[in-house]
Amino acid sequence: MLLALLSLPAFGQDAPDPKIAMPILLKVLTYDVNFEARGRGEFVVLVASENGQQAEREKLLGVLTGLSVATIKNRPLKFVGTEFRDEGSLQSEIDRHKASAVLAVPGLSEKALNAVSEVSQDNQIYTLSLDRSMVEKALAVGVTQAGGRPQILINEKASRAVGAKFESAVLKLAKVIQ
């Protein structure tokens, strides 16, 4: 199934179409050998943006809530928007929503990106992106585009830091960042 999704054309010049990229990203998470140990119940993805990015976040949330994917390994899937202000507020949102992952809205500042990474490591939850540079710098997993096709990115160091260990089947398909 993952191979079939990767054969779909991507969207736009710089960023993948979230309707295509997010199902791939969610499928990649199921290849984490520790996925089952990460809990039960709703799989909540916090969609984090900064002040001034509300429109981008809401547009992304609109696409994500309209996805045909409703579960991830039999866990109901839910997307929740949040505005990043500081590490404490992000921690509060993770606790309040029992988040399993944080998806960083493209364009997040370096400071916010590092804070998302640190708080996610403290909570052992996934960090996700649809922006190549964010995965290269600090986040665990992303889907971008390369040559007009979706490209899985896995930041090995960031993945280990949040407790993820991906099966070789997905590592063979991904661009692994050391």
# chains A, B, ... in the order shown; residues from 1 in each chain; ligands from 1
>>> residues_around(residues="Thr65 (chain A)", least_positions_apart="6", cutoff="12 Å", atoms="only C-alpha atoms", output="mmCIF file with C-alpha atoms, in the first residue's frame")
data_model
loop_
_atom_site.group_PDB
_atom_site.id
_atom_site.type_symbol
_atom_site.label_atom_id
_atom_site.label_comp_id
_atom_site.auth_asym_id
_atom_site.auth_seq_id
_atom_site.Cartn_x
_atom_site.Cartn_y
_atom_site.Cartn_z
ATOM 1 C CA PRO A 18 -1.530 17.327 2.228
ATOM 2 C CA LYS A 19 -4.358 15.085 0.920
ATOM 3 C CA MET A 22 -0.668 13.004 5.259
ATOM 4 C CA PRO A 23 -2.004 9.480 4.584
ATOM 5 C CA VAL A 44 -4.429 12.962 18.313
ATOM 6 C CA VAL A 45 -2.237 15.047 16.038
ATOM 7 C CA VAL A 47 -1.272 20.919 14.267
ATOM 8 C CA ARG A 57 -3.121 26.225 10.102
ATOM 9 C CA GLU A 58 -6.859 26.454 9.486
ATOM 10 C CA LYS A 59 -6.433 25.675 5.793
ATOM 11 C CA THR A 71 -7.987 5.571 11.890
ATOM 12 C CA LEU A 77 -7.633 9.748 14.249
ATOM 13 C CA LYS A 78 -8.190 13.335 15.337
ATOM 14 C CA PHE A 79 -6.500 16.606 14.286
ATOM 15 C CA VAL A 80 -6.463 19.566 16.673
ATOM 16 C CA GLY A 81 -5.082 23.021 15.930
#
>>> residues_around(residues="Ala158 (chain A)", least_positions_apart="3", cutoff="6 Å", atoms="only C-alpha atoms", output="list in words")
Leu139, Ala140, Asn155 and Ala161 of chain A
>>> write_last_selection(atoms="N, CA and C atoms", output="short mmCIF file (atom, residue, chain, number, x, y, z; two decimals), in the first residue's frame")
data_model
loop_
_atom_site.label_atom_id
_atom_site.label_comp_id
_atom_site.auth_asym_id
_atom_site.auth_seq_id
_atom_site.Cartn_x
_atom_site.Cartn_y
_atom_site.Cartn_z
N LEU A 139 12.83 17.58 13.23
CA LEU A 139 11.63 16.75 13.41
C LEU A 139 11.87 15.33 12.91
N ALA A 140 11.11 14.40 13.45
CA ALA A 140 11.36 12.97 13.22
C ALA A 140 10.99 12.48 11.83
N ASN A 155 14.32 11.53 9.99
CA ASN A 155 15.49 12.03 10.69
C ASN A 155 15.80 11.00 11.76
N ALA A 161 15.11 9.98 19.35
CA ALA A 161 14.88 10.84 20.50
C ALA A 161 13.43 10.80 20.98
#
>>> residues_around(residues="Glu42 (chain A)", least_positions_apart="6", cutoff="10 Å", atoms="only C-alpha atoms", output="list of chain:residue names")
A:Thr71, A:Ile72, A:Asn74, A:Arg75, A:Pro76, A:Leu77, A:Lys78, A:His97, A:Lys98, A:Ala99, A:Ser100
>>> residues_around(residues="region 102-118 of chain A", least_positions_apart="6", cutoff="8 Å", atoms="only C-alpha atoms", output="PDB file with N, CA and C atoms, in the first residue's frame")
ATOM      1  N   VAL A  45      -3.329  14.308  16.650  1.00  0.00           N
ATOM      2  CA  VAL A  45      -2.237  15.047  16.038  1.00  0.00           C
ATOM      3  C   VAL A  45      -2.490  16.532  16.280  1.00  0.00           C
ATOM      4  N   LEU A  46      -1.606  17.162  17.071  1.00  0.00           N
ATOM      5  CA  LEU A  46      -1.674  18.607  17.252  1.00  0.00           C
ATOM      6  C   LEU A  46      -1.062  19.262  16.023  1.00  0.00           C
ATOM      7  N   VAL A  47      -1.772  20.176  15.419  1.00  0.00           N
ATOM      8  CA  VAL A  47      -1.272  20.919  14.267  1.00  0.00           C
ATOM      9  C   VAL A  47      -0.846  22.280  14.810  1.00  0.00           C
ATOM     10  N   ALA A  48       0.486  22.451  14.950  1.00  0.00           N
ATOM     11  CA  ALA A  48       1.029  23.612  15.650  1.00  0.00           C
ATOM     12  C   ALA A  48       1.499  24.691  14.687  1.00  0.00           C
ATOM     13  N   SER A  49       1.060  25.910  14.976  1.00  0.00           N
ATOM     14  CA  SER A  49       1.497  27.080  14.213  1.00  0.00           C
ATOM     15  C   SER A  49       1.821  28.187  15.199  1.00  0.00           C
ATOM     16  N   GLU A  50       2.415  29.241  14.689  1.00  0.00           N
ATOM     17  CA  GLU A  50       2.723  30.404  15.517  1.00  0.00           C
ATOM     18  C   GLU A  50       1.745  31.530  15.214  1.00  0.00           C
ATOM     19  N   GLU A  56      -2.914  29.619   7.622  1.00  0.00           N
ATOM     20  CA  GLU A  56      -2.266  28.409   7.097  1.00  0.00           C
ATOM     21  C   GLU A  56      -2.684  27.177   7.901  1.00  0.00           C
ATOM     22  N   ARG A  57      -2.726  27.342   9.241  1.00  0.00           N
ATOM     23  CA  ARG A  57      -3.121  26.225  10.102  1.00  0.00           C
ATOM     24  C   ARG A  57      -4.563  25.809   9.820  1.00  0.00           C
ATOM     25  N   PHE A  84       1.386  27.770  18.896  1.00  0.00           N
ATOM     26  CA  PHE A  84       2.576  27.675  19.716  1.00  0.00           C
ATOM     27  C   PHE A  84       2.922  29.058  20.251  1.00  0.00           C
ATOM     28  N   ASP A  86       4.936  29.025  23.601  1.00  0.00           N
ATOM     29  CA  ASP A  86       6.168  28.667  24.300  1.00  0.00           C
ATOM     30  C   ASP A  86       6.078  27.195  24.684  1.00  0.00           C
ATOM     31  N   GLU A  87       7.151  26.666  25.255  1.00  0.00           N
ATOM     32  CA  GLU A  87       7.179  25.249  25.606  1.00  0.00           C
ATOM     33  C   GLU A  87       6.082  24.879  26.603  1.00  0.00           C
ATOM     34  N   LEU A  90       2.697  24.603  24.884  1.00  0.00           N
ATOM     35  CA  LEU A  90       2.652  23.387  24.063  1.00  0.00           C
ATOM     36  C   LEU A  90       2.478  22.160  24.952  1.00  0.00           C
ATOM     37  N   ILE A 125       6.500  11.642  21.885  1.00  0.00           N
ATOM     38  CA  ILE A 125       5.477  11.651  20.840  1.00  0.00           C
ATOM     39  C   ILE A 125       6.132  12.040  19.519  1.00  0.00           C
ATOM     40  N   TYR A 126       5.518  11.618  18.431  1.00  0.00           N
ATOM     41  CA  TYR A 126       6.048  11.869  17.095  1.00  0.00           C
ATOM     42  C   TYR A 126       6.062  13.359  16.757  1.00  0.00           C
ATOM     43  N   THR A 127       7.074  13.757  15.972  1.00  0.00           N
ATOM     44  CA  THR A 127       7.095  15.089  15.374  1.00  0.00           C
ATOM     45  C   THR A 127       7.024  14.906  13.865  1.00  0.00           C
ATOM     46  N   LEU A 128       6.115  15.638  13.234  1.00  0.00           N
ATOM     47  CA  LEU A 128       5.796  15.446  11.820  1.00  0.00           C
ATOM     48  C   LEU A 128       5.890  16.759  11.059  1.00  0.00           C
ATOM     49  N   SER A 129       6.176  16.642   9.761  1.00  0.00           N
ATOM     50  CA  SER A 129       6.265  17.833   8.933  1.00  0.00           C
ATOM     51  C   SER A 129       5.980  17.521   7.469  1.00  0.00           C
ATOM     52  N   LEU A 130       5.533  18.540   6.764  1.00  0.00           N
ATOM     53  CA  LEU A 130       5.382  18.494   5.313  1.00  0.00           C
ATOM     54  C   LEU A 130       6.409  19.429   4.680  1.00  0.00           C
ATOM     55  N   ASP A 131       7.476  19.728   5.429  1.00  0.00           N
ATOM     56  CA  ASP A 131       8.529  20.650   5.013  1.00  0.00           C
ATOM     57  C   ASP A 131       9.885  19.970   5.215  1.00  0.00           C
ATOM     58  N   MET A 134      12.431  21.268   7.932  1.00  0.00           N
ATOM     59  CA  MET A 134      12.070  21.003   9.328  1.00  0.00           C
ATOM     60  C   MET A 134      12.514  19.608   9.761  1.00  0.00           C
ATOM     61  N   ALA A 138      15.195  19.134  12.747  1.00  0.00           N
ATOM     62  CA  ALA A 138      14.813  18.730  14.099  1.00  0.00           C
ATOM     63  C   ALA A 138      13.674  17.724  14.224  1.00  0.00           C
ATOM     64  N   LEU A 139      12.825  17.584  13.228  1.00  0.00           N
ATOM     65  CA  LEU A 139      11.634  16.749  13.408  1.00  0.00           C
ATOM     66  C   LEU A 139      11.874  15.335  12.912  1.00  0.00           C
ATOM     67  N   ALA A 158      16.364  12.363  15.412  1.00  0.00           N
ATOM     68  CA  ALA A 158      15.121  12.885  15.986  1.00  0.00           C
ATOM     69  C   ALA A 158      14.121  11.758  16.243  1.00  0.00           C
TER      70      ALA A 158
END
>>> closest_atom_pairs(of="region 102-176 of chain A", to="region 27-37 of chain A", cutoff="7 Å", atoms="only C-alpha atoms", output="JSON lines")
{"residue": "A:Ala164", "atom": "CA", "partner": "A:Asp32", "partner_atom": "CA", "distance": 5.8}
{"residue": "A:Lys165", "atom": "CA", "partner": "A:Asp32", "partner_atom": "CA", "distance": 5.2}
{"residue": "A:Phe166", "atom": "CA", "partner": "A:Asp32", "partner_atom": "CA", "distance": 4.3}
{"residue": "A:Glu167", "atom": "CA", "partner": "A:Tyr31", "partner_atom": "CA", "distance": 5.6}
{"residue": "A:Val170", "atom": "CA", "partner": "A:Tyr31", "partner_atom": "CA", "distance": 6.7}
>>> select_by_dssp(residues="region 32-125 of chain A", states="helix (DSSP H, G or I)", output="PyMOL selection string")
chain A and resi 35-38+54-65+87-97+110-123
>>> write_last_selection(atoms="N, CA and C atoms", output="compact mmCIF listing (two decimals), in the first residue's frame")
# COMPACT_ATOMS: atom_id res chain seq x y z
N PHE A 35 5.07 1.36 17.87
CA PHE A 35 3.77 2.02 17.73
C PHE A 35 2.74 1.48 18.72
N GLU A 36 2.64 0.18 18.81
CA GLU A 36 1.63 -0.43 19.69
C GLU A 36 1.82 -0.04 21.15
N ALA A 37 3.06 0.18 21.57
CA ALA A 37 3.35 0.51 22.96
C ALA A 37 3.06 1.98 23.27
N ARG A 38 2.71 2.76 22.27
CA ARG A 38 2.50 4.19 22.46
C ARG A 38 1.08 4.55 22.91
N GLN A 54 -2.27 31.52 11.57
CA GLN A 54 -3.59 30.93 11.80
C GLN A 54 -4.26 30.52 10.50
N ALA A 55 -4.16 31.34 9.47
CA ALA A 55 -4.81 31.03 8.19
C ALA A 55 -4.23 29.75 7.59
N GLU A 56 -2.91 29.62 7.62
CA GLU A 56 -2.27 28.41 7.10
C GLU A 56 -2.68 27.18 7.90
N ARG A 57 -2.73 27.34 9.24
CA ARG A 57 -3.12 26.22 10.10
C ARG A 57 -4.56 25.81 9.82
N GLU A 58 -5.46 26.77 9.72
CA GLU A 58 -6.86 26.45 9.49
C GLU A 58 -7.07 25.81 8.12
N LYS A 59 -6.34 26.28 7.12
CA LYS A 59 -6.43 25.68 5.79
C LYS A 59 -5.95 24.22 5.85
N LEU A 60 -4.83 23.99 6.51
CA LEU A 60 -4.30 22.64 6.66
C LEU A 60 -5.26 21.76 7.45
N LEU A 61 -5.80 22.28 8.53
CA LEU A 61 -6.78 21.51 9.32
C LEU A 61 -8.01 21.15 8.50
N GLY A 62 -8.45 22.06 7.66
CA GLY A 62 -9.60 21.77 6.79
C GLY A 62 -9.33 20.60 5.87
N VAL A 63 -8.13 20.56 5.31
CA VAL A 63 -7.74 19.43 4.44
C VAL A 63 -7.64 18.15 5.27
N LEU A 64 -6.98 18.23 6.42
CA LEU A 64 -6.75 17.03 7.23
C LEU A 64 -8.04 16.43 7.79
N THR A 65 -8.96 17.27 8.22
CA THR A 65 -10.21 16.73 8.75
C THR A 65 -11.09 16.16 7.65
N GLU A 87 7.15 26.67 25.26
CA GLU A 87 7.18 25.25 25.61
C GLU A 87 6.08 24.88 26.60
N GLY A 88 5.84 25.76 27.57
CA GLY A 88 4.81 25.48 28.58
C GLY A 88 3.42 25.37 27.98
N SER A 89 3.08 26.26 27.06
CA SER A 89 1.75 26.20 26.45
C SER A 89 1.62 24.97 25.57
N LEU A 90 2.70 24.60 24.88
CA LEU A 90 2.65 23.39 24.06
C LEU A 90 2.48 22.16 24.95
N GLN A 91 3.19 22.12 26.07
CA GLN A 91 3.04 21.00 27.01
C GLN A 91 1.61 20.91 27.51
N SER A 92 1.00 22.04 27.81
CA SER A 92 -0.39 22.06 28.28
C SER A 92 -1.34 21.49 27.22
N GLU A 93 -1.11 21.86 25.95
CA GLU A 93 -1.96 21.36 24.87
C GLU A 93 -1.76 19.85 24.66
N ILE A 94 -0.53 19.39 24.77
CA ILE A 94 -0.26 17.95 24.65
C ILE A 94 -0.99 17.20 25.76
N ASP A 95 -0.90 17.71 26.97
CA ASP A 95 -1.57 17.07 28.11
C ASP A 95 -3.09 17.12 27.96
N ARG A 96 -3.61 18.28 27.58
CA ARG A 96 -5.07 18.47 27.48
C ARG A 96 -5.70 17.56 26.44
N HIS A 97 -5.02 17.39 25.30
CA HIS A 97 -5.58 16.60 24.20
C HIS A 97 -5.04 15.17 24.15
N GLU A 110 12.62 28.89 13.80
CA GLU A 110 13.63 27.97 14.32
C GLU A 110 13.44 27.75 15.83
N LYS A 111 13.15 28.83 16.54
CA LYS A 111 12.93 28.73 17.99
C LYS A 111 11.75 27.80 18.29
N ALA A 112 10.65 28.00 17.59
CA ALA A 112 9.47 27.16 17.80
C ALA A 112 9.74 25.73 17.38
N LEU A 113 10.44 25.54 16.28
CA LEU A 113 10.79 24.21 15.80
C LEU A 113 11.59 23.45 16.85
N ASN A 114 12.59 24.10 17.42
CA ASN A 114 13.40 23.46 18.45
C ASN A 114 12.58 23.15 19.69
N ALA A 115 11.68 24.04 20.06
CA ALA A 115 10.83 23.81 21.22
C ALA A 115 9.87 22.64 20.98
N VAL A 116 9.29 22.57 19.79
CA VAL A 116 8.42 21.44 19.44
C VAL A 116 9.20 20.14 19.56
N SER A 117 10.41 20.13 19.06
CA SER A 117 11.25 18.94 19.13
C SER A 117 11.53 18.55 20.58
N GLU A 118 11.93 19.51 21.41
CA GLU A 118 12.27 19.23 22.80
C GLU A 118 11.07 18.74 23.61
N VAL A 119 9.94 19.42 23.48
CA VAL A 119 8.75 19.02 24.23
C VAL A 119 8.27 17.65 23.77
N SER A 120 8.35 17.39 22.48
CA SER A 120 7.94 16.08 21.96
C SER A 120 8.86 14.97 22.46
N GLN A 121 10.14 15.26 22.55
CA GLN A 121 11.07 14.28 23.11
C GLN A 121 10.72 13.99 24.56
N ASP A 122 10.44 15.03 25.33
CA ASP A 122 10.08 14.85 26.74
C ASP A 122 8.84 13.96 26.89
N ASN A 123 7.92 14.06 25.92
CA ASN A 123 6.66 13.31 25.97
C ASN A 123 6.69 12.03 25.15
>>> atom_distance(atom1="CA of Gln53 (chain A)", atom2="CA of Glu83 (chain A)")
8.5 Å
>>> closest_residue(among="A:Leu26, A:Ile20, A:Ile154, A:Ala101", to="Ala70 (chain A)", atoms="only C-alpha atoms")
A:Leu26
>>> atom_distance(atom1="CA of Leu153 (chain A)", atom2="CA of Pro16 (chain A)")
12.6 Å
>>> atom_distance(atom1="CA of Val141 (chain A)", atom2="CA of Leu25 (chain A)")
7.5 Å
>>> closest_residue(among="A:Asn51, A:Gly163, A:Ala146, A:Glu136", to="Gln178 (chain A)", atoms="only C-alpha atoms")
A:Glu136
